[in-house]
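Asks: Dropping in work29.tsv, which is TSV, C-alpha atoms:
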chain	number	residue	atom	x	y	z
A	23	MET	CA	230.43	128.04	3.87
A	24	THR	CA	226.58	128.34	4.05
A	25	ILE	CA	224.21	126.54	1.69
A	26	ARG	CA	220.77	128.09	1.23
A	27	VAL	CA	217.87	125.86	0.21
A	28	SER	CA	215.35	128.68	-0.14
A	29	ARG	CA	215.67	132.40	-0.37
A	30	TYR	CA	212.45	132.89	1.63
A	31	ASN	CA	212.46	132.62	5.35
A	32	MET	CA	209.78	130.80	7.29
A	33	ASP	CA	208.21	133.98	8.66
A	34	ASP	CA	207.37	135.16	5.13
A	35	LEU	CA	205.68	131.85	4.30
A	36	ILE	CA	203.64	131.91	7.51
A	37	ALA	CA	202.52	135.47	6.76
A	38	LEU	CA	201.51	134.43	3.23
A	39	PHE	CA	199.20	131.61	4.45
A	40	PRO	CA	196.27	133.86	5.59
A	41	VAL	CA	196.42	135.73	2.28
A	42	LEU	CA	196.17	132.48	0.28
A	43	PHE	CA	193.37	131.27	2.55
A	44	GLY	CA	191.49	134.55	2.00
A	45	ILE	CA	191.88	134.21	-1.77
A	46	LEU	CA	190.45	130.67	-1.65
A	47	ILE	CA	187.48	131.84	0.44
A	48	ALA	CA	186.81	134.70	-2.01
A	49	MET	CA	186.93	132.30	-4.98
A	50	ALA	CA	184.46	129.94	-3.26
A	51	ILE	CA	182.07	132.82	-2.56
A	52	LEU	CA	182.28	134.00	-6.18
A	53	ALA	CA	181.56	130.47	-7.44
A	54	TRP	CA	178.53	130.17	-5.13
A	55	VAL	CA	177.19	133.56	-6.28
A	56	ALA	CA	177.63	132.55	-9.94
A	57	VAL	CA	175.69	129.29	-9.43
A	58	TYR	CA	172.96	131.16	-7.54
A	59	PHE	CA	172.48	133.66	-10.39
A	60	VAL	CA	172.45	130.94	-13.06
A	61	LYS	CA	169.69	129.09	-11.18
A	62	ARG	CA	167.78	132.31	-10.58
A	63	MET	CA	167.87	133.25	-14.27
A	64	ASP	CA	166.14	129.96	-15.16
A	65	ASN	CA	163.60	130.29	-12.35
A	66	ASN	CA	162.36	133.56	-13.88
A	67	LYS	CA	161.53	131.83	-17.17
A	68	PRO	CA	158.19	130.08	-17.82
A	69	LEU	CA	157.72	126.41	-16.98
A	70	ILE	CA	157.33	124.45	-20.23
A	71	THR	CA	155.88	120.93	-20.33
A	72	ARG	CA	156.49	118.78	-23.41
A	73	ARG	CA	156.75	115.15	-24.46
A	74	VAL	CA	160.38	114.23	-25.15
A	75	LYS	CA	162.83	111.45	-25.78
A	76	ILE	CA	166.22	111.57	-24.04
A	77	LEU	CA	168.74	111.08	-26.84
A	78	GLU	CA	172.02	111.13	-24.96
A	79	LYS	CA	173.83	112.24	-21.86
A	80	ILE	CA	176.53	114.61	-23.05
A	81	TYR	CA	178.56	114.90	-19.86
A	82	SER	CA	178.31	115.32	-16.13
A	83	LEU	CA	180.23	117.57	-13.80
A	84	GLY	CA	179.59	116.79	-10.16
A	85	GLU	CA	175.85	117.08	-9.55
A	86	ILE	CA	175.15	118.69	-12.95
A	87	GLU	CA	174.38	116.54	-15.98
A	88	TRP	CA	173.75	117.73	-19.55
A	89	TYR	CA	171.37	115.93	-21.91
A	90	VAL	CA	170.23	116.23	-25.51
A	91	VAL	CA	166.46	115.79	-25.76
A	92	GLU	CA	164.24	115.53	-28.83
A	93	PHE	CA	160.69	116.85	-28.86
A	94	GLU	CA	157.77	115.34	-30.79
A	95	ASN	CA	158.21	117.84	-33.62
A	96	GLY	CA	161.86	116.80	-34.13
A	97	GLU	CA	163.35	119.85	-32.41
A	98	ARG	CA	166.39	119.11	-30.24
A	99	LEU	CA	167.56	120.97	-27.19
A	100	LYS	CA	170.46	120.72	-24.75
A	101	LEU	CA	169.24	120.82	-21.14
A	102	ARG	CA	170.90	120.45	-17.76
A	103	ASN	CA	169.80	118.43	-14.76
A	104	LEU	CA	170.83	120.08	-11.47
A	105	ASN	CA	169.36	117.21	-9.42
A	106	ALA	CA	171.42	114.33	-10.80
A	107	HIS	CA	171.31	112.48	-7.47
A	108	LYS	CA	167.48	112.65	-7.35
A	109	MET	CA	166.41	112.45	-10.99
A	110	ILE	CA	168.04	109.63	-12.95
A	111	LEU	CA	167.69	109.92	-16.72
A	112	SER	CA	168.86	107.42	-19.32
A	113	ALA	CA	169.29	107.62	-23.08
A	114	GLY	CA	166.16	106.31	-24.77
A	115	ASP	CA	163.73	107.30	-21.99
A	116	VAL	CA	160.45	108.73	-23.31
A	117	GLY	CA	158.18	110.80	-21.13
A	118	ILE	CA	156.89	114.18	-20.05
A	119	LEU	CA	159.56	116.80	-19.36
A	120	ARG	CA	159.05	120.06	-17.48
A	121	TYR	CA	161.83	122.61	-17.83
A	122	LYS	CA	162.59	126.28	-17.25
A	123	GLY	CA	165.13	127.91	-19.52
A	124	MET	CA	167.88	125.29	-19.77
A	125	THR	CA	167.16	123.50	-16.50
A	126	ILE	CA	165.12	120.30	-16.20
A	127	ASP	CA	162.52	120.61	-13.46
A	128	THR	CA	160.88	117.16	-13.60
A	129	PHE	CA	160.81	114.17	-15.91
A	130	ILE	CA	158.12	111.51	-15.78
A	131	VAL	CA	158.73	108.33	-17.73
A	132	PHE	CA	155.59	106.97	-19.42
A	133	LEU	CA	155.91	103.79	-17.38
A	134	GLN	CA	155.44	105.87	-14.22
A	135	MET	CA	152.38	107.53	-15.75
A	136	MET	CA	150.81	104.16	-16.53
A	137	THR	CA	151.59	102.97	-13.00
A	138	ILE	CA	149.77	106.01	-11.60
A	139	ALA	CA	146.82	105.32	-13.91
A	140	LEU	CA	146.67	101.69	-12.77
A	141	LEU	CA	146.78	102.65	-9.10
A	142	VAL	CA	144.05	105.22	-9.65
A	143	SER	CA	141.93	102.66	-11.51
A	144	GLN	CA	142.32	100.13	-8.68
A	145	GLN	CA	141.22	102.67	-6.08
A	146	LEU	CA	138.38	103.80	-8.32
A	147	ALA	CA	137.17	100.20	-8.76
A	148	LEU	CA	137.16	99.78	-4.98
A	149	GLY	CA	135.15	102.98	-4.66
A	150	ASN	CA	137.84	104.68	-2.61
A	151	LEU	CA	138.25	107.70	-4.92
A	152	SER	CA	135.94	110.41	-6.16
A	153	ASP	CA	136.48	112.16	-9.50
A	154	ARG	CA	138.03	115.09	-7.63
A	155	ASP	CA	140.47	112.74	-5.82
A	156	ILE	CA	141.53	111.24	-9.16
A	157	PHE	CA	142.15	114.68	-10.61
A	158	LEU	CA	144.20	115.80	-7.61
A	159	LEU	CA	146.24	112.58	-7.55
A	160	CYS	CA	147.07	112.77	-11.25
A	161	TYR	CA	147.57	116.53	-11.29
A	162	GLY	CA	150.12	116.36	-8.49
A	163	VAL	CA	152.47	114.46	-10.78
A	164	LEU	CA	151.41	115.14	-14.35
A	165	SER	CA	150.68	118.17	-16.52
A	166	GLU	CA	147.10	119.20	-17.24
A	167	VAL	CA	147.00	117.39	-20.60
A	168	GLU	CA	148.52	114.23	-19.13
A	169	THR	CA	146.12	114.45	-16.18
A	170	LEU	CA	143.19	114.16	-18.57
A	171	ARG	CA	144.88	111.19	-20.24
A	172	CYS	CA	145.56	109.62	-16.84
A	173	GLU	CA	141.89	110.01	-15.86
A	174	THR	CA	140.80	108.56	-19.21
A	175	VAL	CA	143.12	105.57	-18.91
A	176	ALA	CA	142.07	104.96	-15.30
A	177	THR	CA	138.38	105.18	-16.19
A	178	ASN	CA	138.78	102.90	-19.22
A	179	ILE	CA	140.68	100.29	-17.22
A	180	CYS	CA	138.08	100.39	-14.47
A	181	TYR	CA	134.95	100.22	-16.61
Can you give me the file's structure in the form of structure tokens?
Replies:
Amino acid sequence: MTIRVSRYNMDDLIALFPVLFGILIAMAILAWVAVYFVKRMDNNKPLITRRVKILEKIYSLGEIEWYVVEFENGERLKLRNLNAHKMILSAGDVGILRYKGMTIDTFIVFLQMMTIALLVSQQLALGNLSDRDIFLLCYGVLSEVETLRCETVATNICY
């Protein structure tokens, strides 16, 4: 009397392995292409710079985090952060947000802006910076409007 544990023989299972591996590779390629197109769609949209408050972190999935932000006019928007390991945001943070479509590009907390202004004012007091240097230093981090504020704060602190 013969007892069968499986009705498939080992040769069939070995032949099935490359097919399953191929399916996994195809799924990985499709996922990569989908992520690429989602990022590309946002890159084609204009870069918007606004003052915001981070209300809450909705959820995170791997390196992608979703946040609810509130603008100065009370409007709320749900945005994603694709650089969660580089850009750390917390509920309650207030600052300047640059975003394209639904993707956060940069976020500068007001504390960072004041730190930049203080550093600029110190260098200005020492005579190490020209007006052009101040503009370039501030503009590299801040928007045009915030650059003017940074220059004003630095000048007021210095003089």
Asks: Nearest to A:Val74: which of A:Leu99, A:Ala48, A:Leu148, A:Ile36 is it, counting all atoms listed in the file?
Replies: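 Of A:Leu99, A:Ala48, A:Leu148, A:Ile36, the one nearest A:Val74, counting all atoms listed in the file, is A:Leu99.
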Asks: When you count only C-alpha atoms, which of these residues is closest to A:Asp127: A:Asn150, A:Gln145, A:Asn65, A:Ser112?
Replies: A:Asn65
Asks: One decimal, Å: what's the distance from atom CA of A:Val57 over to atom CA of A:Val131, could you say?
Replies: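 It comes out at 28.2 Å.
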Asks: Residues around (175.4, 119.2, -10.0), cut-off 7 Å, counting only C-alpha atoms - what are they as a list in words?
Replies: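 Residues lying no farther than 7 Å from the given point: Leu83, Gly84, Glu85, Ile86, Glu87, Leu104, Asn105 and Ala106 of chain A.
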Asks: From the options A:Leu140, A:Thr128, A:Leu146, A:Arg98, which residue's atoms come nearest to A:Ile76, counting all atoms listed in the file?
Replies: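 That would be A:Arg98, the residue with the smallest distance to A:Ile76.
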Asks: Step by step, gather every atom of stretch 114-118 of chain A that the file lists, find the box along x, y and z that holds them, add 4 Å on each side, and finally give centre and edge lengths in Å to one decimal, as JSON.
Replies:
{"center_x": 161.5, "center_y": 110.2, "center_z": -22.4, "size_x": 17.3, "size_y": 15.9, "size_z": 12.7}
Asks: Mind giving me the straight-line distance from atom CA of A:Ile126 to atom CA of A:Leu111 in Å, one decimal?
Replies: 10.7 Å
Asks: So what do you get for atom CA of A:Val60 versus atom CA of A:Ser82, distance-wise?
Replies: 17.0 Å
Asks: Calculated over all atoms listed in the file, which of the candidates A:Val91, A:Met124, A:Val142, A:Ile130 has the smallest distance to A:Leu69?
Replies: A:Met124
Asks: Taking all atoms listed in the file into account, name the residue in A:Ala113, A:Gly44, A:Arg73, A:Asn66 that is nearest to A:Tyr89.
Replies: A:Ala113
Asks: Select, from A:Lys100, A:Lys108, A:Arg62, A:Lys67, the residue with the minimum atom-to-atom distance to A:Phe129, counting all atoms listed in the file.
Replies: A:Lys108
